[in-house]
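Peer 1: Dropping in final-v6.cif, with mmCIF, C-alpha atoms and all ligand atoms.
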```cif
data_upload
#
loop_
_atom_site.label_atom_id
_atom_site.label_comp_id
_atom_site.auth_asym_id
_atom_site.auth_seq_id
_atom_site.Cartn_x
_atom_site.Cartn_y
_atom_site.Cartn_z
CA MET T 1 0.00 0.00 0.00
CA SER T 2 3.00 2.08 0.12
CA LYS T 3 2.46 3.83 -3.05
CA THR T 4 -1.12 4.32 -2.66
CA LYS T 5 -2.50 7.38 -1.42
CA PRO T 6 -4.87 6.56 1.27
CA THR T 7 -8.38 7.46 0.80
CA LYS T 8 -10.30 9.08 3.51
CA LYS T 9 -11.77 5.82 4.34
CA LYS T 10 -8.49 4.27 4.87
CA ALA T 11 -7.27 7.04 6.94
CA ALA T 12 -10.18 6.68 9.19
CA GLN T 13 -9.60 3.09 9.73
CA GLY T 14 -6.57 3.60 11.72
CA LYS T 15 -8.36 5.32 14.46
CA ALA T 16 -11.24 3.11 14.60
CA LYS T 17 -11.50 1.16 17.66
CA PRO T 18 -12.72 -2.30 17.51
CA ILE T 19 -16.21 -2.94 18.36
CA ALA T 20 -17.09 -5.05 21.20
CA SER T 21 -18.16 -8.21 19.79
CA LYS T 22 -21.15 -9.61 21.32
CA SER T 23 -20.85 -13.15 20.60
CA LYS T 24 -18.08 -15.20 21.78
CA LYS T 25 -18.71 -18.05 19.64
CA SER T 26 -18.70 -18.21 16.01
CA ALA T 27 -21.77 -17.31 14.22
CA ALA T 28 -21.62 -20.55 12.49
CA ALA T 29 -21.76 -22.32 15.72
CA LYS T 30 -24.79 -20.62 16.95
CA LYS T 31 -26.49 -20.60 13.73
CA PRO T 32 -28.33 -23.79 14.00
CA ALA T 33 -30.07 -22.56 17.00
CA SER T 34 -30.87 -19.10 16.09
CA LYS T 35 -31.58 -19.35 12.52
CA PRO T 36 -32.57 -22.49 11.06
CA VAL T 37 -34.14 -20.50 8.47
CA PRO T 38 -32.38 -20.03 5.29
CA LYS T 39 -31.51 -23.44 4.41
CA LYS T 40 -34.82 -24.93 4.87
CA LYS T 41 -36.80 -22.31 3.32
CA LEU T 42 -34.60 -22.63 0.53
CA LYS T 43 -35.67 -25.98 -0.14
CA SER T 44 -38.87 -24.68 -1.29
CA ALA T 45 -36.92 -23.17 -4.01
CA PRO T 46 -34.06 -25.40 -4.52
CA VAL T 47 -33.43 -23.98 -7.78
CA LYS T 48 -30.13 -22.85 -8.64
CA LYS T 49 -31.20 -19.93 -10.23
CA PRO T 50 -29.02 -17.17 -11.03
CA LEU T 51 -31.01 -14.40 -9.69
CA PRO T 52 -32.88 -12.63 -12.25
CA LYS T 53 -31.95 -9.15 -12.23
CA LYS T 54 -34.88 -7.89 -13.85
CA PRO T 55 -36.21 -4.57 -13.81
CA VAL T 56 -39.05 -4.52 -11.65
CA LYS T 57 -41.48 -2.35 -13.16
CA LYS T 58 -41.79 0.50 -11.03
CA ALA T 59 -45.13 0.51 -9.82
CA SER T 60 -46.73 3.65 -10.34
CA PRO T 61 -47.78 5.38 -7.31
CA PRO T 62 -50.33 4.18 -5.03
CA LYS T 63 -52.26 1.65 -6.63
CA SER T 64 -54.19 -0.12 -4.17
CA ALA T 65 -54.15 -3.54 -3.03
CA PRO T 66 -50.91 -5.18 -2.58
CA LYS T 67 -50.47 -7.92 -4.94
CA LYS T 68 -49.40 -11.21 -4.04
CA LYS T 69 -47.47 -11.83 -7.07
CA ALA T 70 -46.79 -9.91 -10.00
CA PRO T 71 -48.19 -11.53 -12.95
CA ALA T 72 -45.38 -11.76 -15.22
CA ALA T 73 -43.04 -14.26 -14.06
CA LYS T 74 -39.73 -13.33 -15.13
CA PRO T 75 -38.37 -15.73 -17.49
CA VAL T 76 -35.49 -15.98 -15.30
CA ALA T 77 -32.26 -14.52 -15.66
CA LYS T 78 -31.09 -13.18 -18.74
CA LYS T 79 -28.17 -12.66 -16.80
CA SER T 80 -25.58 -14.98 -17.82
CA VAL T 81 -24.04 -16.34 -14.86
CA GLY T 82 -20.55 -17.10 -15.45
CA LYS T 83 -18.86 -20.29 -15.08
CA ALA T 84 -19.60 -21.60 -11.80
CA ALA T 85 -23.14 -20.75 -11.88
CA LEU T 86 -23.06 -20.37 -8.25
CA LYS T 87 -25.92 -21.95 -6.75
CA LYS T 88 -27.26 -18.86 -5.60
CA VAL T 89 -30.38 -19.72 -4.02
CA LYS T 90 -32.09 -16.90 -2.75
CA PRO T 91 -33.53 -17.36 0.57
CA ALA T 92 -37.06 -16.53 0.86
CA LEU T 93 -37.55 -13.25 2.25
CA ALA T 94 -40.57 -12.72 4.09
CA PRO T 95 -41.36 -14.30 7.28
CA ALA T 96 -42.37 -17.75 6.71
CA LYS T 97 -45.43 -16.92 8.46
CA PRO T 98 -48.84 -16.81 7.30
CA THR T 99 -48.70 -13.16 7.32
CA PRO T 100 -50.06 -11.77 4.22
CA LYS T 101 -47.29 -10.09 2.62
CA PRO T 102 -47.77 -7.58 0.06
CA ILE T 103 -45.22 -8.90 -2.15
CA ALA T 104 -44.41 -12.33 -2.94
CA SER T 105 -41.10 -13.01 -1.59
CA ALA T 106 -38.68 -15.02 -3.33
CA LYS T 107 -39.71 -18.42 -3.70
CA THR T 108 -39.89 -20.05 -6.87
CA THR T 109 -37.74 -20.34 -9.68
CA THR T 110 -39.08 -17.59 -11.52
CA GLN T 111 -38.86 -14.82 -9.33
CA THR T 112 -41.97 -13.00 -9.53
CA LYS T 113 -41.66 -9.44 -9.75
CA PRO T 114 -42.52 -8.17 -6.48
CA VAL T 115 -43.23 -4.76 -6.87
CA ALA T 116 -46.74 -4.54 -6.45
CA VAL T 117 -47.46 -1.33 -5.16
CA SER T 118 -48.54 -1.12 -1.81
CA ALA T 119 -50.26 1.26 0.23
CA PRO T 120 -48.21 4.04 1.48
CA VAL T 121 -46.20 2.84 4.27
CA ALA T 122 -46.22 5.59 6.57
CA LYS T 123 -48.39 5.07 9.40
CA VAL T 124 -46.40 6.94 11.77
CA ALA T 125 -45.25 4.71 14.34
CA LYS T 126 -44.92 5.81 17.78
CA THR T 127 -41.59 6.94 18.59
CA ALA T 128 -39.31 4.19 18.81
CA PRO T 129 -36.62 3.67 21.27
CA PHE T 130 -34.04 5.76 19.73
CA ILE T 131 -30.74 4.94 21.05
CA VAL T 132 -28.09 7.42 20.53
CA THR T 133 -24.87 6.39 21.86
CA ALA T 134 -22.46 7.04 19.19
CA SER T 135 -19.61 9.28 19.63
CA LYS T 136 -18.27 11.24 16.78
CA THR T 137 -14.90 9.87 17.08
CA ALA T 138 -15.07 6.22 17.35
CA PRO T 139 -17.40 3.51 16.53
CA ALA T 140 -19.66 2.83 19.36
CA PRO T 141 -19.98 -0.57 20.73
CA VAL T 142 -22.85 -2.17 19.16
CA SER T 143 -23.38 -4.94 21.47
CA ALA T 144 -25.44 -3.22 23.99
CA ALA T 145 -28.81 -2.78 22.57
CA VAL T 146 -28.80 -5.62 20.23
CA GLU T 147 -31.19 -8.27 21.10
CA ALA T 148 -30.90 -11.83 20.47
CA PRO T 149 -30.17 -12.66 16.94
CA ILE T 150 -33.30 -12.64 15.04
CA THR T 151 -34.07 -14.95 12.36
CA LYS T 152 -33.40 -13.59 9.06
CA LYS T 153 -36.90 -13.08 8.18
CA SER T 154 -38.03 -10.40 10.20
CA PRO T 155 -41.62 -9.59 10.17
CA ALA T 156 -40.54 -6.06 10.49
CA GLN T 157 -39.50 -6.06 6.94
CA PRO T 158 -42.55 -6.60 4.92
CA LEU T 159 -41.95 -5.97 1.39
CA VAL T 160 -43.31 -2.70 0.58
CA ALA T 161 -43.01 -1.68 -2.92
CA ALA T 162 -42.56 1.29 -5.00
CA GLY T 163 -45.22 3.80 -4.15
CA PRO T 164 -44.46 6.95 -2.26
CA THR T 165 -45.16 7.30 1.41
CA LYS T 166 -47.58 9.82 2.76
CA SER T 167 -44.84 12.32 3.01
CA GLY T 168 -44.06 11.77 -0.63
CA ALA T 169 -40.85 9.88 -0.02
CA LEU T 170 -39.99 7.47 -2.76
CA PHE T 171 -36.32 6.72 -2.94
CA TYR T 172 -33.72 4.74 -1.02
CA ASP T 173 -30.14 5.32 -0.10
CA SER T 174 -28.75 1.89 -0.84
CA HIS T 175 -25.28 2.00 0.64
CA MET T 176 -24.26 2.65 4.21
CA HIS T 177 -22.38 1.15 7.07
CA THR T 178 -22.50 0.36 10.76
CA PRO T 179 -19.80 0.55 13.41
CA LEU T 180 -19.23 -3.14 12.98
CA CYS T 181 -16.91 -2.43 10.08
CA LYS T 182 -14.66 -0.55 12.49
CA HIS T 183 -14.47 2.54 10.35
CA ALA T 184 -18.00 3.85 10.52
CA TRP T 185 -19.52 5.95 13.25
CA GLY T 186 -22.97 6.20 14.68
CA GLU T 187 -25.85 3.93 15.41
CA PRO T 188 -28.07 2.81 12.58
CA GLU T 189 -30.91 4.79 14.12
CA GLU T 190 -28.92 7.96 13.58
CA TYR T 191 -28.52 7.10 9.92
CA ALA T 192 -32.24 6.48 9.77
CA GLN T 193 -33.01 9.80 11.34
CA GLN T 194 -30.90 11.54 8.74
CA ALA T 195 -32.62 9.60 5.97
CA VAL T 196 -35.98 10.86 7.09
CA LYS T 197 -34.67 14.39 7.03
CA ALA T 198 -33.29 13.84 3.57
CA GLY T 199 -36.70 12.85 2.28
CA LEU T 200 -35.91 9.22 1.68
CA LYS T 201 -38.38 6.42 1.88
CA GLY T 202 -35.87 3.86 3.00
CA ILE T 203 -32.28 2.90 3.53
CA ILE T 204 -30.35 -0.27 3.05
CA PHE T 205 -27.44 -1.09 5.29
CA THR T 206 -24.60 -2.64 3.38
CA CYS T 207 -21.83 -3.14 5.85
CA HIS T 208 -18.60 -4.83 4.87
CA CYS T 209 -19.00 -8.57 4.92
CA PRO T 210 -16.92 -10.97 6.94
CA MET T 211 -14.20 -12.65 4.93
CA PRO T 212 -12.28 -15.84 5.40
CA ASN T 213 -8.66 -16.29 6.28
CA GLY T 214 -8.15 -12.95 7.87
CA PHE T 215 -8.71 -11.02 4.68
CA TRP T 216 -8.33 -7.36 5.61
CA PRO T 217 -9.95 -7.83 8.98
CA SER T 218 -9.57 -4.29 10.22
CA VAL T 219 -12.36 -2.93 8.07
CA ARG T 220 -15.08 -5.49 8.43
CA MET T 221 -17.21 -7.36 10.88
CA SER T 222 -15.86 -10.67 12.02
CA GLU T 223 -17.60 -13.91 11.43
CA SER T 224 -18.82 -13.89 14.98
CA GLU T 225 -20.37 -10.47 14.55
CA PHE T 226 -22.53 -11.40 11.63
CA ASP T 227 -25.59 -12.14 13.73
CA THR T 228 -25.06 -8.94 15.61
CA TYR T 229 -25.14 -7.10 12.34
CA VAL T 230 -28.41 -8.65 11.30
CA ALA T 231 -29.88 -7.87 14.70
CA LEU T 232 -28.61 -4.32 14.62
CA VAL T 233 -30.31 -3.59 11.35
CA GLN T 234 -33.42 -5.29 12.59
CA ARG T 235 -33.39 -3.17 15.69
CA ALA T 236 -33.31 -0.02 13.62
CA ALA T 237 -36.00 -1.36 11.31
CA ASN T 238 -38.24 -1.96 14.29
CA ALA T 239 -37.54 1.42 15.73
CA PHE T 240 -38.45 3.21 12.52
CA LYS T 241 -41.33 1.13 11.49
CA GLY T 242 -43.86 3.32 9.79
CA LYS T 243 -41.38 6.13 9.40
CA LEU T 244 -38.62 4.72 7.29
CA ASP T 245 -38.17 1.43 5.54
CA ILE T 246 -34.91 -0.10 6.70
CA ARG T 247 -33.49 -3.14 5.00
CA LEU T 248 -30.66 -5.54 5.35
CA GLY T 249 -28.04 -5.60 2.66
CA ILE T 250 -24.34 -6.36 2.54
CA GLU T 251 -21.29 -4.94 0.81
CA SER T 252 -19.86 -8.17 -0.32
CA GLU T 253 -16.27 -8.46 -1.35
CA TYR T 254 -15.28 -9.76 -4.73
CA TYR T 255 -11.85 -11.29 -4.51
CA PRO T 256 -10.87 -14.07 -6.85
CA GLY T 257 -10.82 -17.34 -5.01
CA CYS T 258 -13.41 -16.38 -2.42
CA GLU T 259 -16.47 -17.09 -4.53
CA GLU T 260 -17.42 -20.14 -2.59
CA TYR T 261 -17.29 -18.40 0.73
CA ILE T 262 -19.26 -15.47 -0.62
CA THR T 263 -21.85 -17.74 -2.12
CA SER T 264 -22.61 -19.29 1.21
CA LEU T 265 -22.42 -15.97 2.97
CA HIS T 266 -25.23 -14.70 0.81
CA GLN T 267 -27.39 -17.50 2.05
CA ARG T 268 -26.91 -16.70 5.67
CA ALA T 269 -29.48 -13.96 5.80
CA ASP T 270 -32.31 -12.60 3.81
CA PHE T 271 -30.48 -9.82 2.19
CA HIS T 272 -32.50 -7.35 0.27
CA TYR T 273 -29.52 -6.16 -1.63
CA VAL T 274 -26.11 -7.57 -2.28
CA LEU T 275 -23.60 -5.01 -3.37
CA GLY T 276 -20.46 -6.46 -4.87
CA ALA T 277 -17.24 -4.60 -4.28
CA VAL T 278 -13.72 -4.91 -5.54
CA HIS T 279 -11.54 -3.20 -2.97
CA TRP T 280 -8.15 -2.84 -4.53
CA GLN T 281 -6.81 -1.23 -1.37
CA ALA T 282 -6.81 -4.51 0.48
CA LYS T 283 -3.30 -5.54 1.31
CA GLU T 284 -4.03 -8.98 -0.02
CA TYR T 285 -5.27 -7.55 -3.28
CA LEU T 286 -2.26 -5.32 -3.70
CA ASN T 287 0.15 -8.08 -2.84
CA LYS T 288 -1.32 -10.31 -5.41
CA PHE T 289 -2.11 -8.00 -8.27
CA GLU T 290 0.15 -5.03 -8.00
CA THR T 291 2.71 -6.69 -10.11
CA GLY T 292 3.20 -4.58 -13.16
CA THR T 293 2.65 -1.04 -14.16
CA ILE T 294 0.08 1.25 -12.71
CA GLU T 295 -1.91 0.92 -15.85
CA ASN T 296 -1.79 -2.82 -15.62
CA PHE T 297 -3.11 -2.71 -12.13
CA ARG T 298 -6.01 -0.57 -13.27
CA ARG T 299 -6.74 -3.01 -16.06
CA THR T 300 -6.75 -5.84 -13.60
CA TYR T 301 -9.20 -3.96 -11.43
CA PHE T 302 -11.67 -3.44 -14.29
CA ASP T 303 -11.30 -7.03 -15.32
CA HIS T 304 -12.23 -8.05 -11.78
CA LEU T 305 -15.13 -5.66 -11.83
CA ALA T 306 -16.47 -7.43 -14.90
CA LYS T 307 -15.76 -10.80 -13.37
CA SER T 308 -17.68 -9.85 -10.28
CA ALA T 309 -20.72 -9.17 -12.46
CA GLU T 310 -20.21 -12.39 -14.33
CA SER T 311 -20.01 -14.34 -11.11
CA GLY T 312 -23.75 -13.95 -10.68
CA LEU T 313 -23.21 -13.24 -7.00
CA TYR T 314 -24.21 -9.62 -6.83
CA ASP T 315 -27.13 -7.36 -7.55
CA CYS T 316 -25.02 -4.31 -8.18
CA LEU T 317 -21.37 -3.28 -8.39
CA ALA T 318 -20.18 -0.72 -5.88
CA HIS T 319 -18.15 2.39 -6.70
CA PRO T 320 -17.12 0.99 -10.07
CA ASP T 321 -14.08 3.15 -10.71
CA LEU T 322 -12.67 3.08 -7.22
CA VAL T 323 -9.28 2.34 -8.65
CA LYS T 324 -8.91 5.95 -9.68
CA ASN T 325 -7.78 6.51 -6.11
CA TYR T 326 -4.78 4.34 -6.82
CA HIS T 327 -2.16 6.84 -7.83
CA PRO T 328 -4.87 9.42 -8.25
CA ASP T 329 -2.46 11.97 -9.57
CA SER T 330 -1.90 10.01 -12.71
CA TRP T 331 -5.47 8.93 -13.23
CA CYS T 332 -6.59 9.72 -16.71
CA PHE T 333 -9.77 8.24 -18.01
CA ALA T 334 -8.68 8.35 -21.62
CA ILE T 335 -5.88 5.93 -20.85
CA VAL T 336 -8.17 3.29 -19.44
CA LYS T 337 -11.10 3.94 -21.70
CA ASN T 338 -10.60 0.87 -23.86
CA THR T 339 -10.30 -1.29 -20.80
CA VAL T 340 -13.43 0.23 -19.34
CA THR T 341 -15.28 -0.27 -22.60
CA THR T 342 -14.56 -3.96 -22.55
CA ALA T 343 -15.49 -4.26 -18.91
CA LEU T 344 -18.77 -2.42 -19.39
CA ASP T 345 -19.70 -4.54 -22.38
CA ARG T 346 -19.21 -7.61 -20.24
CA ILE T 347 -21.13 -6.14 -17.33
CA ALA T 348 -24.00 -4.99 -19.53
CA ALA T 349 -24.35 -8.53 -20.79
CA THR T 350 -25.02 -9.78 -17.28
CA GLY T 351 -27.85 -7.45 -16.38
CA VAL T 352 -26.18 -6.56 -13.11
CA ALA T 353 -26.65 -2.98 -11.95
CA MET T 354 -23.91 -0.52 -11.13
CA GLU T 355 -23.68 2.12 -8.47
CA LEU T 356 -23.25 5.84 -8.58
CA ASN T 357 -21.51 6.36 -5.27
CA THR T 358 -21.54 9.89 -3.93
CA SER T 359 -18.80 9.34 -1.38
CA GLY T 360 -16.22 9.50 -4.12
CA LEU T 361 -16.25 13.23 -3.56
CA ASN T 362 -14.51 12.61 -0.25
CA LYS T 363 -11.78 10.41 -1.60
CA SER T 364 -8.33 11.12 -2.90
CA TYR T 365 -9.57 11.49 -6.42
CA SER T 366 -12.46 13.70 -5.55
CA GLU T 367 -15.25 12.77 -7.87
CA MET T 368 -18.21 10.48 -7.56
CA ASN T 369 -17.66 6.87 -8.50
CA PRO T 370 -17.87 6.55 -11.36
CA GLY T 371 -17.06 9.84 -13.01
CA LEU T 372 -19.19 11.31 -15.76
CA GLU T 373 -17.42 9.75 -18.70
CA MET T 374 -17.77 6.28 -17.44
CA LEU T 375 -21.29 7.01 -16.28
CA ARG T 376 -22.19 8.06 -19.79
CA MET T 377 -20.80 4.81 -21.15
CA MET T 378 -22.93 2.94 -18.65
CA ALA T 379 -25.99 4.87 -19.73
CA ASP T 380 -25.25 4.10 -23.36
CA ARG T 381 -25.30 0.42 -22.46
CA LYS T 382 -28.43 0.81 -20.41
CA ILE T 383 -26.81 -0.58 -17.34
CA PRO T 384 -29.20 -0.10 -14.44
CA ILE T 385 -28.00 2.39 -11.91
CA VAL T 386 -28.39 2.54 -8.13
CA VAL T 387 -27.39 5.53 -6.03
CA GLY T 388 -25.65 5.14 -2.71
CA SER T 389 -24.00 7.52 -0.29
CA ASP T 390 -21.66 4.90 1.17
CA SER T 391 -22.13 6.66 4.47
CA HIS T 392 -19.75 5.87 7.26
CA ARG T 393 -21.30 8.66 9.29
CA ALA T 394 -24.93 9.44 9.72
CA VAL T 395 -24.74 12.96 8.37
CA ARG T 396 -23.83 11.64 4.97
CA VAL T 397 -27.00 9.68 4.35
CA GLY T 398 -28.62 10.90 1.17
CA GLU T 399 -25.76 13.32 0.62
CA HIS T 400 -25.37 14.74 -2.88
CA PHE T 401 -28.31 12.76 -4.17
CA VAL T 402 -29.75 15.65 -6.12
CA THR T 403 -26.42 16.24 -7.78
CA ALA T 404 -26.08 12.54 -8.49
CA LEU T 405 -29.51 12.36 -10.05
CA ASN T 406 -28.77 15.39 -12.16
CA HIS T 407 -25.58 13.72 -13.35
CA LEU T 408 -27.61 10.72 -14.34
CA THR T 409 -29.99 12.81 -16.34
CA GLU T 410 -27.11 14.62 -17.94
CA VAL T 411 -25.59 11.44 -19.27
CA GLY T 412 -28.83 10.05 -20.56
CA TYR T 413 -30.41 8.06 -17.77
CA GLU T 414 -34.13 8.42 -17.26
CA LYS T 415 -34.51 5.87 -14.53
CA VAL T 416 -32.75 5.07 -11.34
CA SER T 417 -33.11 1.92 -9.30
CA TYR T 418 -32.89 0.28 -5.94
CA PHE T 419 -33.34 -3.27 -4.80
CA LEU T 420 -35.74 -4.94 -2.43
CA ASN T 421 -35.86 -8.63 -2.02
CA ARG T 422 -32.95 -8.65 -4.42
CA GLN T 423 -35.14 -7.51 -7.20
CA ARG T 424 -34.67 -4.28 -8.96
CA ILE T 425 -37.19 -1.51 -8.81
CA ASP T 426 -36.91 1.30 -11.30
CA LEU T 427 -38.14 4.79 -10.74
CA LYS T 428 -38.23 7.80 -12.98
CA ILE T 429 -35.50 10.19 -12.02
CA SER T 430 -37.85 13.11 -12.31
CA ASP T 431 -40.19 11.48 -9.81
CA VAL T 432 -37.34 10.82 -7.44
CA LEU T 433 -36.10 14.38 -7.60
CA ALA T 434 -39.56 15.70 -6.88
CA SER T 435 -40.00 13.26 -4.03
CA LEU T 436 -36.80 14.21 -2.29
CA LYS T 437 -37.83 17.77 -2.08
CA LYS T 438 -41.39 17.12 -1.18
CA ALA T 439 -40.62 14.62 1.56
CA ALA T 440 -37.77 16.63 2.99
CA ASP T 441 -40.04 19.66 3.26
CA HIS T 442 -42.77 17.57 4.76
CA ASN T 443 -40.48 16.10 7.35
CA ALA T 444 -38.66 19.26 8.17
ZN ZN S 1 -16.68 -0.19 -0.72
ZN ZN S 2 -19.29 0.92 1.51
#
```
Take the structure from the file and write it as structure tokens.
Peer 2:
Amino acid sequence: MSKTKPTKKKAAQGKAKPIASKSKKSAAAKKPASKPVPKKKLKSAPVKKPLPKKPVKKASPPKSAPKKKAPAAKPVAKKSVGKAALKKVKPALAPAKPTPKPIASAKTTTQTKPVAVSAPVAKVAKTAPFIVTASKTAPAPVSAAVEAPITKKSPAQPLVAAGPTKSGALFYDSHMHTPLCKHAWGEPEEYAQQAVKAGLKGIIFTCHCPMPNGFWPSVRMSESEFDTYVALVQRAANAFKGKLDIRLGIESEYYPGCEEYITSLHQRADFHYVLGAVHWQAKEYLNKFETGTIENFRRTYFDHLAKSAESGLYDCLAHPDLVKNYHPDSWCFAIVKNTVTTALDRIAATGVAMELNTSGLNKSYSEMNPGLEMLRMMADRKIPIVVGSDSHRAVRVGEHFVTALNHLTEVGYEKVSYFLNRQRIDLKISDVLASLKKAADHNA
């Protein structure tokens, strides 16, 4: 990492103090007891289906009754799952209970498009136990208020689809962290509070996943903290029920050789959104791939980005030009353009979405990820786009979203997306822009 200029993120890591881990035993060990869920539910859908990444038709505003299933069964993935068509079985999402859920949760092979619209969510819940413990300077211990590991299917996360809430909120911030990654600050409830202020309808926590063999452990939850993470997000979801839709996601590493681990990781919880990320800053990554010229390294990164899409493991690719922070002073898009073109062609063929990450403005190469040129190339290929703040502090939730949406329009996008139940929901950018303002005013 010597030659790399640390990004803000990295700099922060150093100071982060480890979070108290709640569980002493490995998550795996306790799993049988606490969550027998995934596996068995899965059997109802033993299909090895590469998740269809289909556009879920954005439901137009409030229609009425929640549908059980969207009619058109998606003819399954057009997404070509690469080689090892990982048996990505998507765990069913909703509580296996008889509760009528608005949207059919994943079950069968053909993933039905959820998105039925549902009634506006907001039913103002009574104020929830809002626990503010975080300090500004270091991650707060998370253990305290976290209750016993919940099963993955929390009833608190009914699938609510694409209509606006009463306040007019419509959009989600789909990328943010918790103190469990050791370089994020603030309780999830604080992030939620900020999201409400920002006029968002929901947020998806995507903390850094555990990894095997001590892979860059200082920036991620440990194996034994996985259940704590799920419970933490659940706690916030419960606390904001009726006010903000809070979902469980994961920022899941793509590192060649770890596909098997990641595949099973994705089955450990009912993630609503799995964000794939190639983090070139990892010592392991640098040791292995920083072997030639700077340009070579960048090529390798984009090749891995495309491979991550082709793996079939992820819904969306995080901060897709993060490598511009590697020797940022010599970053020049024109030099990598051919490489990026190839990578984007491969990604477009998979149907996987890509992220416009607003936190790039705070990194060494200060520009959203990706920058406009690459974003335009993505738009040309009609690659679905998701916006995320990548917040490591609550104040950043929803930050620069208006600018981001304007960038999208500028390069030719008309729609922007988010995921629920690992299915994409598309919204018109113009509707989202209007909703942010309307809801923020309403909630002010
Ligand atoms: Zn990341
Ligand atoms: Zn992140």
Peer 1: Any idea what the distance is between atom CA of Glu355 of chain T and atom CA of Phe297 of chain T?
Peer 2: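 Straight-line distance from atom CA of Glu355 of chain T to atom CA of Phe297 of chain T works out to 21.4 Å.
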Peer 1: Can you tell me which residues surround segment 399-408 of chain T at a distance of at most 7 Å, considering all atoms listed in the file, apart from same-chain residues fewer than 6 positions away, and format the answer as a list in words?
Peer 2: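 So the residues in contact are Thr358, Ser389, Ile429 and Leu433 of chain T.
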Peer 1: What's the separation between atom CA of Lys324 of chain T and atom CA of Lys337 of chain T, in Å to one decimal place?
Peer 2: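 Between these atoms lies a distance of 12.4 Å.
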Peer 1: Could you please extract the residues within 9 Å of ligand ZN 2 (chain S), counting all atoms listed in the file, and hand them back as a list in words?
Peer 2: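 Residues lying within 9 Å of ligand ZN 2 (chain S): His175, Met176, His177, Thr206, Cys207, His208, Ile250, Glu251, Leu275, Ala277, Ala318, His319, Asn357, Ser359, Gly388, Ser389, Asp390, Ser391 and His392 of chain T.
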Peer 1: From the list T:Gly360, T:Gly202, T:Gly371, T:Gly398, which residue is nearest ligand ZN 1 (chain S) when using only C-alpha atoms and all ligand atoms?
Peer 2: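 The closest residue to ligand ZN 1 (chain S) is T:Gly360.
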Peer 1: Ranking T:Trp280, T:Tyr229, T:Phe215, T:Trp185 by minimum distance to ligand ZN 1 (chain S) and counting all atoms listed in the file, which one comes first?
Peer 2: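 Comparing T:Trp280, T:Tyr229, T:Phe215, T:Trp185 against ligand ZN 1 (chain S), the winner is T:Trp280.
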Peer 1: Would you work out the distance separating atom CA of Pro217 of chain T from atom CA of Ser364 of chain T, expressed in Å to one decimal?
Peer 2: 22.4 Å
Peer 1: Quick one: everything within 7 Å of Tyr254 of chain T, counting all atoms listed in the file, minus sequence neighbours fewer than 6 positions away in the same chain. Send it as a count of residues only.
Peer 2: 4
Peer 1: I'd like the neighbourhood of Tyr418 of chain T as a VMD selection string, where a residue qualifies if any of its atoms comes within 9 Å (using only C-alpha atoms), though same-chain residues fewer than 4 positions away should be ignored.
Peer 2: chain T and resid 171 to 174 273 385 to 387 423 to 427
Peer 1: For a quick check of understanding, using all atoms listed in the file, which of T:Arg422, T:Val233, T:Gly351, T:Leu322 has the smallest distance to ligand ZN 1 (chain S)?
Peer 2: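 Looking at the shortest contact to ligand ZN 1 (chain S), the residue is T:Leu322.
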Peer 1: Of the residues T:Thr409, T:Thr263, T:Gln281, T:Asn362, which is the one nearest to Leu375 of chain T, using all atoms listed in the file?
Peer 2: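 Using all atoms listed in the file, Leu375 of chain T sits closest to T:Thr409.
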Peer 1: Go through T:Val274, T:Val395, T:Leu420, T:Val432 one by one, measure the shortest atom-to-atom distance of each to Ala309 of chain T using all atoms listed in the file, and give the residue with the smallest value.
Peer 2: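 For Ala309 of chain T, the nearest of the candidates is T:Val274.
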Peer 1: Using only C-alpha atoms and all ligand atoms, pick whichever of T:Thr293, T:Ser264, T:Asn369, T:Ser330 has the shortest atom-to-atom distance to ligand ZN 1 (chain S).
Peer 2: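 Of the candidates, the smallest distance to ligand ZN 1 (chain S) is held by T:Asn369.
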